[in-house]
>>> print(open('model_3.cif').read())   # mmCIF, C-alpha atoms and all ligand atoms
data_coords
loop_
_atom_site.label_atom_id
_atom_site.label_comp_id
_atom_site.auth_asym_id
_atom_site.auth_seq_id
_atom_site.Cartn_x
_atom_site.Cartn_y
_atom_site.Cartn_z
CA MET A 1 114.30 73.09 82.48
CA SER A 2 112.14 73.37 85.59
CA GLU A 3 114.06 72.94 88.83
CA ILE A 4 113.25 72.81 92.53
CA LYS A 5 115.27 73.88 95.58
CA LYS A 6 114.35 73.98 99.25
CA HIS A 7 113.99 77.43 100.80
CA GLU A 8 115.76 77.98 104.14
CA PHE A 9 112.27 77.91 105.76
CA ASP A 10 110.55 74.53 106.01
CA LYS A 11 107.69 73.90 103.54
CA LEU A 12 108.82 76.68 101.21
CA PHE A 13 110.59 76.13 97.90
CA TRP A 14 112.27 77.92 95.01
CA VAL A 15 110.90 76.75 91.68
CA THR A 16 112.74 77.61 88.48
CA THR A 17 110.02 77.69 85.85
CA LYS A 18 110.50 76.79 82.17
CA ASP A 19 111.00 80.48 81.30
CA GLY A 20 114.01 80.54 83.67
CA ASN A 21 112.36 82.63 86.44
CA VAL A 22 112.95 81.59 90.04
CA ARG A 23 109.77 81.81 92.10
CA LEU A 24 108.79 81.14 95.68
CA ALA A 25 106.38 78.19 96.00
CA THR A 26 104.49 75.85 98.32
CA ILE A 27 103.41 72.25 97.70
CA ASN A 28 99.83 72.23 96.40
CA ALA A 29 97.61 70.49 98.96
CA ASN A 30 94.92 70.28 96.29
CA PRO A 31 96.76 69.13 93.14
CA GLY A 32 95.41 70.30 89.81
CA LYS A 33 93.58 73.27 91.32
CA LYS A 34 94.62 76.93 91.38
CA VAL A 35 93.25 79.41 93.92
CA TYR A 36 94.18 82.64 92.08
CA THR A 37 96.57 83.39 89.19
CA GLU A 38 99.47 81.34 90.59
CA ARG A 39 101.36 78.88 88.38
CA LEU A 40 101.32 75.15 88.96
CA VAL A 41 104.61 73.36 88.35
CA THR A 42 105.03 69.57 88.68
CA LEU A 43 108.50 68.21 89.44
CA GLY A 44 109.39 64.71 90.59
CA GLY A 45 105.70 63.84 90.90
CA VAL A 46 105.02 66.78 93.27
CA GLU A 47 102.91 69.76 92.30
CA TYR A 48 104.07 73.19 93.49
CA ARG A 49 102.10 76.47 93.47
CA THR A 50 104.04 79.68 92.96
CA PHE A 51 103.55 82.09 95.88
CA ASP A 52 103.12 85.57 94.39
CA PRO A 53 104.61 88.50 96.37
CA TYR A 54 102.45 90.98 94.44
CA LYS A 55 99.32 89.12 95.62
CA SER A 56 100.35 88.11 99.14
CA LYS A 57 102.02 90.26 101.78
CA LEU A 58 103.32 87.09 103.43
CA ALA A 59 105.15 86.12 100.23
CA ALA A 60 106.38 89.74 99.93
CA SER A 61 107.72 89.58 103.51
CA ILE A 62 109.57 86.33 102.76
CA LEU A 63 111.14 87.82 99.64
CA LYS A 64 112.12 90.91 101.63
CA LYS A 65 114.23 88.58 103.80
CA MET A 66 112.02 88.09 106.82
CA ASN A 67 114.06 86.37 109.57
CA VAL A 68 111.19 84.82 111.52
CA PHE A 69 109.02 82.17 109.87
CA PRO A 70 107.05 80.36 112.57
CA PHE A 71 104.47 78.66 110.26
CA LYS A 72 104.83 74.89 110.77
CA GLU A 73 103.02 71.66 110.05
CA ASN A 74 100.05 71.09 112.42
CA ASN A 75 99.91 74.78 113.50
CA LYS A 76 96.63 76.40 114.43
CA ILE A 77 96.25 79.86 112.90
CA LEU A 78 93.75 82.70 113.23
CA TYR A 79 93.69 84.81 110.06
CA LEU A 80 91.83 88.15 110.15
CA GLY A 81 90.86 89.67 106.79
CA ALA A 82 91.02 86.46 104.75
CA ALA A 83 89.51 87.99 101.57
CA SER A 84 89.12 85.30 98.88
CA GLY A 85 91.84 83.11 100.39
CA THR A 86 95.03 83.88 98.44
CA THR A 87 97.44 83.91 101.39
CA VAL A 88 95.19 81.60 103.42
CA SER A 89 95.58 78.90 100.74
CA HIS A 90 99.40 78.97 100.96
CA ILE A 91 99.28 78.77 104.76
CA SER A 92 96.89 75.84 104.26
CA ASP A 93 99.60 74.16 102.10
CA ILE A 94 102.20 74.73 104.84
CA ILE A 95 100.28 73.61 107.95
CA GLY A 96 98.98 70.40 106.39
CA GLU A 97 95.88 68.32 107.07
CA LYS A 98 96.28 68.29 110.84
CA GLY A 99 96.67 72.06 111.14
CA SER A 100 93.79 74.53 111.00
CA ILE A 101 93.36 78.05 109.77
CA SER A 102 90.33 79.93 111.08
CA ALA A 103 89.78 82.55 108.38
CA VAL A 104 87.68 85.57 109.36
CA GLU A 105 86.20 87.79 106.65
CA PHE A 106 83.26 90.20 106.81
CA SER A 107 82.65 90.80 103.09
CA THR A 108 79.98 88.41 101.79
CA ARG A 109 81.40 88.54 98.28
CA SER A 110 84.95 87.56 99.32
CA LEU A 111 83.58 84.96 101.69
CA ARG A 112 81.83 83.18 98.82
CA ASP A 113 85.21 82.64 97.10
CA LEU A 114 86.82 81.66 100.39
CA ILE A 115 84.14 78.99 100.97
CA THR A 116 84.87 77.54 97.52
CA VAL A 117 88.58 77.27 98.45
CA ALA A 118 87.68 75.70 101.83
CA GLU A 119 85.47 73.04 100.20
CA THR A 120 88.56 71.22 98.94
CA ARG A 121 90.97 72.24 101.71
CA LYS A 122 89.63 70.84 104.94
CA ASN A 123 92.08 72.72 107.19
CA ILE A 124 90.45 76.08 106.30
CA ILE A 125 87.50 77.15 108.47
CA PRO A 126 85.81 80.15 106.83
CA ILE A 127 84.15 82.47 109.36
CA HIS A 128 81.76 85.23 108.31
CA SER A 129 82.37 87.73 111.07
CA ASP A 130 83.76 91.12 112.03
CA ALA A 131 87.30 90.89 113.44
CA ARG A 132 86.58 93.82 115.78
CA PHE A 133 84.29 91.55 117.79
CA PRO A 134 86.01 88.22 118.56
CA GLU A 135 83.13 87.17 120.81
CA GLY A 136 81.30 86.44 117.52
CA TYR A 137 83.65 83.49 116.84
CA SER A 138 85.18 82.66 120.22
CA LEU A 139 83.21 79.41 120.47
CA ILE A 140 84.62 78.01 117.23
CA VAL A 141 88.21 79.27 117.20
CA PRO A 142 90.73 77.34 119.35
CA ASN A 143 93.83 78.73 121.07
CA VAL A 144 96.25 79.41 118.23
CA ASP A 145 100.00 79.47 117.52
CA ILE A 146 99.81 82.52 115.22
CA VAL A 147 97.42 85.44 114.70
CA TYR A 148 97.76 87.01 111.23
CA GLU A 149 95.92 90.24 110.45
CA ASP A 150 95.52 92.03 107.12
CA VAL A 151 92.31 94.04 107.36
CA ALA A 152 93.50 97.36 105.83
CA GLN A 153 91.39 99.35 108.31
CA PRO A 154 92.01 102.03 110.95
CA PHE A 155 92.46 100.65 114.51
CA GLN A 156 94.39 97.63 113.13
CA ALA A 157 96.58 97.36 116.24
CA GLU A 158 93.60 97.47 118.59
CA ILE A 159 91.77 94.78 116.58
CA LEU A 160 94.91 92.63 116.66
CA ASN A 161 95.36 92.97 120.40
CA THR A 162 91.68 92.17 121.12
CA ASN A 163 92.10 88.91 119.19
CA ILE A 164 95.52 88.12 120.68
CA GLU A 165 94.08 88.44 124.19
CA VAL A 166 91.37 85.89 123.44
CA PHE A 167 93.11 83.38 121.15
CA LEU A 168 96.93 83.58 121.04
CA LYS A 169 98.97 81.17 123.17
CA LYS A 170 101.64 82.73 125.41
CA GLY A 171 104.81 82.78 123.28
CA GLY A 172 102.74 82.68 120.08
CA TYR A 173 103.51 84.93 117.11
CA PHE A 174 101.56 87.69 115.40
CA PHE A 175 101.77 89.20 111.91
CA LEU A 176 100.25 92.60 111.25
CA ALA A 177 100.14 94.01 107.71
CA VAL A 178 99.97 97.79 108.10
CA LYS A 179 98.69 99.89 105.22
CA ALA A 180 99.63 103.49 106.05
CA ARG A 181 96.93 105.04 103.88
CA SER A 182 94.16 103.06 105.61
CA ILE A 183 95.13 104.64 108.90
CA ASP A 184 95.70 108.29 107.95
CA VAL A 185 96.26 109.69 104.44
CA THR A 186 97.50 113.02 105.82
CA LYS A 187 100.47 111.57 107.77
CA GLU A 188 103.85 110.29 106.63
CA PRO A 189 103.92 106.44 106.54
CA GLN A 190 106.98 106.36 108.86
CA GLU A 191 105.07 108.35 111.47
CA ILE A 192 102.14 105.93 111.25
CA TYR A 193 104.35 102.83 111.58
CA LYS A 194 106.01 104.36 114.66
CA LYS A 195 102.61 104.95 116.28
CA VAL A 196 101.42 101.40 115.51
CA LYS A 197 104.63 99.96 116.99
CA GLU A 198 104.24 102.07 120.13
CA GLU A 199 100.63 100.93 120.47
CA LEU A 200 101.61 97.25 120.18
CA ILE A 201 104.35 97.72 122.81
CA SER A 202 101.83 99.46 125.10
CA TYR A 203 99.76 96.21 124.98
CA GLY A 204 102.80 94.33 126.31
CA LEU A 205 103.62 92.72 122.95
CA GLU A 206 107.18 92.16 121.74
CA ILE A 207 108.13 93.35 118.24
CA LEU A 208 110.64 91.15 116.41
CA GLU A 209 110.73 92.62 112.92
CA VAL A 210 109.27 95.39 110.78
CA ILE A 211 109.54 94.73 107.05
CA ASP A 212 108.96 97.35 104.38
CA LEU A 213 107.05 95.63 101.56
CA GLU A 214 108.32 97.84 98.67
CA PRO A 215 108.44 97.13 95.72
CA TYR A 216 105.61 94.61 96.10
CA GLU A 217 103.29 96.94 98.06
CA LYS A 218 103.60 100.71 98.40
CA ASP A 219 103.41 102.26 101.89
CA HIS A 220 102.97 98.93 103.67
CA VAL A 221 104.95 97.20 106.38
CA MET A 222 104.63 93.78 107.98
CA ILE A 223 105.13 93.85 111.73
CA ILE A 224 106.04 90.50 113.26
CA GLY A 225 106.07 89.92 116.99
CA LYS A 226 105.41 87.69 119.96
CA LYS A 227 103.00 87.57 122.89
C1 LIG A 301 93.83 93.61 102.00
S1 LIG A 301 92.48 92.50 102.04
C2 LIG A 301 93.17 90.99 102.61
C3 LIG A 301 93.98 90.18 101.59
C4 LIG A 301 94.35 88.82 102.15
N1 LIG A 301 94.91 88.94 103.47
C5 LIG A 301 95.34 88.02 101.28
O1 LIG A 301 96.56 88.24 101.39
O2 LIG A 301 94.91 87.15 100.53
C6 LIG A 301 91.61 93.02 103.48
C7 LIG A 301 90.37 92.19 103.78
O3 LIG A 301 89.97 92.45 105.12
C8 LIG A 301 88.56 92.43 105.19
N2 LIG A 301 88.18 93.16 106.40
C9 LIG A 301 88.34 94.49 106.66
N3 LIG A 301 87.91 94.79 107.91
C10 LIG A 301 87.47 93.62 108.45
C11 LIG A 301 86.89 93.29 109.69
N4 LIG A 301 86.71 94.22 110.65
N5 LIG A 301 86.55 92.00 109.92
C12 LIG A 301 86.74 91.05 108.96
N6 LIG A 301 87.26 91.30 107.75
C13 LIG A 301 87.63 92.57 107.49
C14 LIG A 301 88.13 93.10 103.88
O4 LIG A 301 86.80 92.76 103.54
C15 LIG A 301 89.16 92.54 102.90
O5 LIG A 301 88.69 91.37 102.28
#
>>> encode(input="model_3.cif", output="structure tokens")
Amino acid sequence: MSEIKKHEFDKLFWVTTKDGNVRLATINANPGKKVYTERLVTLGGVEYRTFDPYKSKLAASILKKMNVFPFKENNKILYLGAASGTTVSHISDIIGEKGSISAVEFSTRSLRDLITVAETRKNIIPIHSDARFPEGYSLIVPNVDIVYEDVAQPFQAEILNTNIEVFLKKGGYFFLAVKARSIDVTKEPQEIYKKVKEELISYGLEILEVIDLEPYEKDHVMIIGKK
């Protein structure tokens, strides 16, 4: 029997699927449509989409017992490194019709998929731009409640701070997915995370949590903090 339970964080759920597995889920803002390989489960007339921790570092962070979950209905979000919209689509479910997620991606191929997702989810604004240069989108992105970055590139912390300075409200939150191997393959991941944390602190940012994403992602952490 399929079953549904509220997660401790608003707008998140635990769905027990017919095979007996308990999965994290959001309510599908676009019923009947999948965005990636997630499962759709209808219970009590509501359609849920499973939120896959192997495909989304945000879902992985939640399953690794993240304490801070600031995503709320009506939030404005800036998302850097949107790819084809996997995580973006779940944030779109959470923030609802009155929220907005400005989704920056520089790969034309990924952007094409992201545009398809945005056609039926009006709170997603796909932006074809390079996150290193926020001046390219400063006229269309509002002040935001959260900046989320997952670009898997060197200089991740610097890119984050450049965007935070322009767009993040004072007291707003940031999420930075750090892939150790994208920064330096010759160094130990722990050494890299320490350097990234020090760099964020040097920008005057406050770090709230650092979550190791094993077993969902190898050599990755999610750093969560505040401006
Ligand atoms: C690891 S993937 C992101 C996955 C996505 N966050 C998700 O969970 O669905 C990293 C993405 O960042 C994009 N990217 C890398 N550097 C970028 C930059 N400077 N500006 C914009 N996008 C960038 C890549 O093209 C790639 O699609």
>>> atom_distance(input="model_3.cif", atom1="CA of Leu63 in chain A", atom2="CA of Thr26 in chain A")
13.8 Å
>>> closest_residue(input="model_3.cif", among="A:Ile4, A:Leu208, A:Leu114, A:Leu78", to="Thr17 in chain A", atoms="all atoms listed in the file")
A:Ile4
>>> closest_atom_pairs(input="model_3.cif", of="chain A", to="ligand LIG 301 (chain A)", cutoff="6 Å", atoms="all atoms listed in the file", output="JSON lines")
{"residue": "A:Ser56", "atom": "CA", "partner": "A:LIG301", "partner_atom": "O1", "distance": 4.4}
{"residue": "A:Lys57", "atom": "CA", "partner": "A:LIG301", "partner_atom": "O1", "distance": 5.8}
{"residue": "A:Leu80", "atom": "CA", "partner": "A:LIG301", "partner_atom": "C12", "distance": 6.0}
{"residue": "A:Gly81", "atom": "CA", "partner": "A:LIG301", "partner_atom": "O3", "distance": 3.4}
{"residue": "A:Ala82", "atom": "CA", "partner": "A:LIG301", "partner_atom": "N1", "distance": 4.8}
{"residue": "A:Ala83", "atom": "CA", "partner": "A:LIG301", "partner_atom": "O5", "distance": 3.5}
{"residue": "A:Gly85", "atom": "CA", "partner": "A:LIG301", "partner_atom": "O2", "distance": 5.1}
{"residue": "A:Thr86", "atom": "CA", "partner": "A:LIG301", "partner_atom": "O2", "distance": 3.9}
{"residue": "A:Thr87", "atom": "CA", "partner": "A:LIG301", "partner_atom": "O2", "distance": 4.2}
{"residue": "A:Val104", "atom": "CA", "partner": "A:LIG301", "partner_atom": "C12", "distance": 5.6}
{"residue": "A:Glu105", "atom": "CA", "partner": "A:LIG301", "partner_atom": "N6", "distance": 3.8}
{"residue": "A:Phe106", "atom": "CA", "partner": "A:LIG301", "partner_atom": "C12", "distance": 4.2}
{"residue": "A:Ser107", "atom": "CA", "partner": "A:LIG301", "partner_atom": "O4", "distance": 4.6}
{"residue": "A:Ser129", "atom": "CA", "partner": "A:LIG301", "partner_atom": "C12", "distance": 5.9}
{"residue": "A:Asp130", "atom": "CA", "partner": "A:LIG301", "partner_atom": "N5", "distance": 3.6}
{"residue": "A:Ala131", "atom": "CA", "partner": "A:LIG301", "partner_atom": "N5", "distance": 3.8}
{"residue": "A:Arg132", "atom": "CA", "partner": "A:LIG301", "partner_atom": "N4", "distance": 5.1}
{"residue": "A:Asp150", "atom": "CA", "partner": "A:LIG301", "partner_atom": "N1", "distance": 4.8}
{"residue": "A:Val151", "atom": "CA", "partner": "A:LIG301", "partner_atom": "O3", "distance": 3.6}
{"residue": "A:Ala152", "atom": "CA", "partner": "A:LIG301", "partner_atom": "C6", "distance": 5.3}
{"residue": "A:Gln153", "atom": "CA", "partner": "A:LIG301", "partner_atom": "N3", "distance": 5.8}
>>> write_last_selection(input="model_3.cif", atoms="C-alpha atoms", output="short mmCIF file (atom, residue, chain, number, x, y, z; two decimals), in the frame of the given file")
data_model
loop_
_atom_site.label_atom_id
_atom_site.label_comp_id
_atom_site.auth_asym_id
_atom_site.auth_seq_id
_atom_site.Cartn_x
_atom_site.Cartn_y
_atom_site.Cartn_z
CA SER A 56 100.35 88.11 99.14
CA LYS A 57 102.02 90.26 101.78
CA LEU A 80 91.83 88.15 110.15
CA GLY A 81 90.86 89.67 106.79
CA ALA A 82 91.02 86.46 104.75
CA ALA A 83 89.51 87.99 101.57
CA GLY A 85 91.84 83.11 100.39
CA THR A 86 95.03 83.88 98.44
CA THR A 87 97.44 83.91 101.39
CA VAL A 104 87.68 85.57 109.36
CA GLU A 105 86.20 87.79 106.65
CA PHE A 106 83.26 90.20 106.81
CA SER A 107 82.65 90.80 103.09
CA SER A 129 82.37 87.73 111.07
CA ASP A 130 83.76 91.12 112.03
CA ALA A 131 87.30 90.89 113.44
CA ARG A 132 86.58 93.82 115.78
CA ASP A 150 95.52 92.03 107.12
CA VAL A 151 92.31 94.04 107.36
CA ALA A 152 93.50 97.36 105.83
CA GLN A 153 91.39 99.35 108.31
#
>>> atom_distance(input="model_3.cif", atom1="CA of Ala29 in chain A", atom2="CA of Ser89 in chain A")
8.8 Å
>>> closest_residue(input="model_3.cif", among="A:Met222, A:Leu200, A:Ala60, A:Leu24", to="Ala180 in chain A", atoms="only C-alpha atoms")
A:Met222
>>> atom_distance(input="model_3.cif", atom1="CA of Arg121 in chain A", atom2="CA of Gly96 in chain A")
9.5 Å
>>> closest_residue(input="model_3.cif", among="A:Glu8, A:Asp93, A:Glu198, A:Glu158", to="Thr50 in chain A", atoms="all atoms listed in the file")
A:Asp93
>>> residues_around(input="model_3.cif", residues="Ile192 in chain A", least_positions_apart="2", cutoff="12 Å", atoms="only C-alpha atoms", output="list in words")
Pro154, Phe155, Gln156, Ala157, Val178, Lys179, Ala180, Arg181, Ser182, Ile183, Asp184, Val185, Thr186, Lys187, Glu188, Pro189, Gln190, Lys194, Lys195, Val196, Lys197, Glu198, Glu199, Asp219, His220 and Val221 of chain A
>>> residues_around(input="model_3.cif", residues="Ile146 in chain A", least_positions_apart="6", cutoff="6 Å", atoms="all atoms listed in the file", output="short mmCIF file (atom, residue, chain, number, x, y, z; two decimals) with C-alpha atoms, in the coordinates of the input")
data_model
loop_
_atom_site.label_atom_id
_atom_site.label_comp_id
_atom_site.auth_asym_id
_atom_site.auth_seq_id
_atom_site.Cartn_x
_atom_site.Cartn_y
_atom_site.Cartn_z
CA ILE A 77 96.25 79.86 112.90
CA GLY A 172 102.74 82.68 120.08
CA TYR A 173 103.51 84.93 117.11
CA PHE A 174 101.56 87.69 115.40
#
>>> residues_around(input="model_3.cif", residues="range 133-137 of chain A", least_positions_apart="4", cutoff="9 Å", atoms="only C-alpha atoms", output="PyMOL selection string")
chain A and resi 104+127-129+141+159+162-163+166-167
>>> axis_aligned_box(input="model_3.cif", around="range 149-153 of chain A", padding_each_side="5 Å", output="lines of an AutoDock Vina configuration file")
center_x = 93.7
center_y = 94.8
center_z = 108.1
size_x = 14.5
size_y = 19.1
size_z = 14.6
>>> closest_residue(input="model_3.cif", among="A:Tyr36, A:Tyr79, A:Phe71, A:Phe51", to="Lys11 in chain A", atoms="all atoms listed in the file")
A:Phe71
>>> closest_residue(input="model_3.cif", among="A:Ser102, A:Ser2, A:Asn143, A:Ser84", to="Thr42 in chain A", atoms="only C-alpha atoms")
A:Ser2
>>> residues_near_point(input="model_3.cif", point="(105.3, 74.9, 89.1)", cutoff="8 Å", atoms="only C-alpha atoms", output="JSON, numbers by chain")
{"A": [2, 15, 16, 17, 25, 39, 40, 41, 42, 43, 47, 48, 49, 50]}
>>> closest_residue(input="model_3.cif", among="A:Lys98, A:Arg112, A:Arg23, A:Lys76", to="Pro142 in chain A", atoms="all atoms listed in the file")
A:Lys76
>>> residues_around(input="model_3.cif", residues="Lys227 in chain A", least_positions_apart="5", cutoff="10 Å", atoms="only C-alpha atoms", output="number ranges by chain")
A: 146, 161, 164-165, 168-174, 203-207
>>> residues_near_point(input="model_3.cif", point="(92.7, 72.2, 108.9)", cutoff="9 Å", atoms="only C-alpha atoms", output="list in words")
Asn74, Asn75, Lys76, Ser92, Ile95, Gly96, Glu97, Lys98, Gly99, Ser100, Ile101, Ser102, Arg121, Lys122, Asn123, Ile124 and Ile125 of chain A
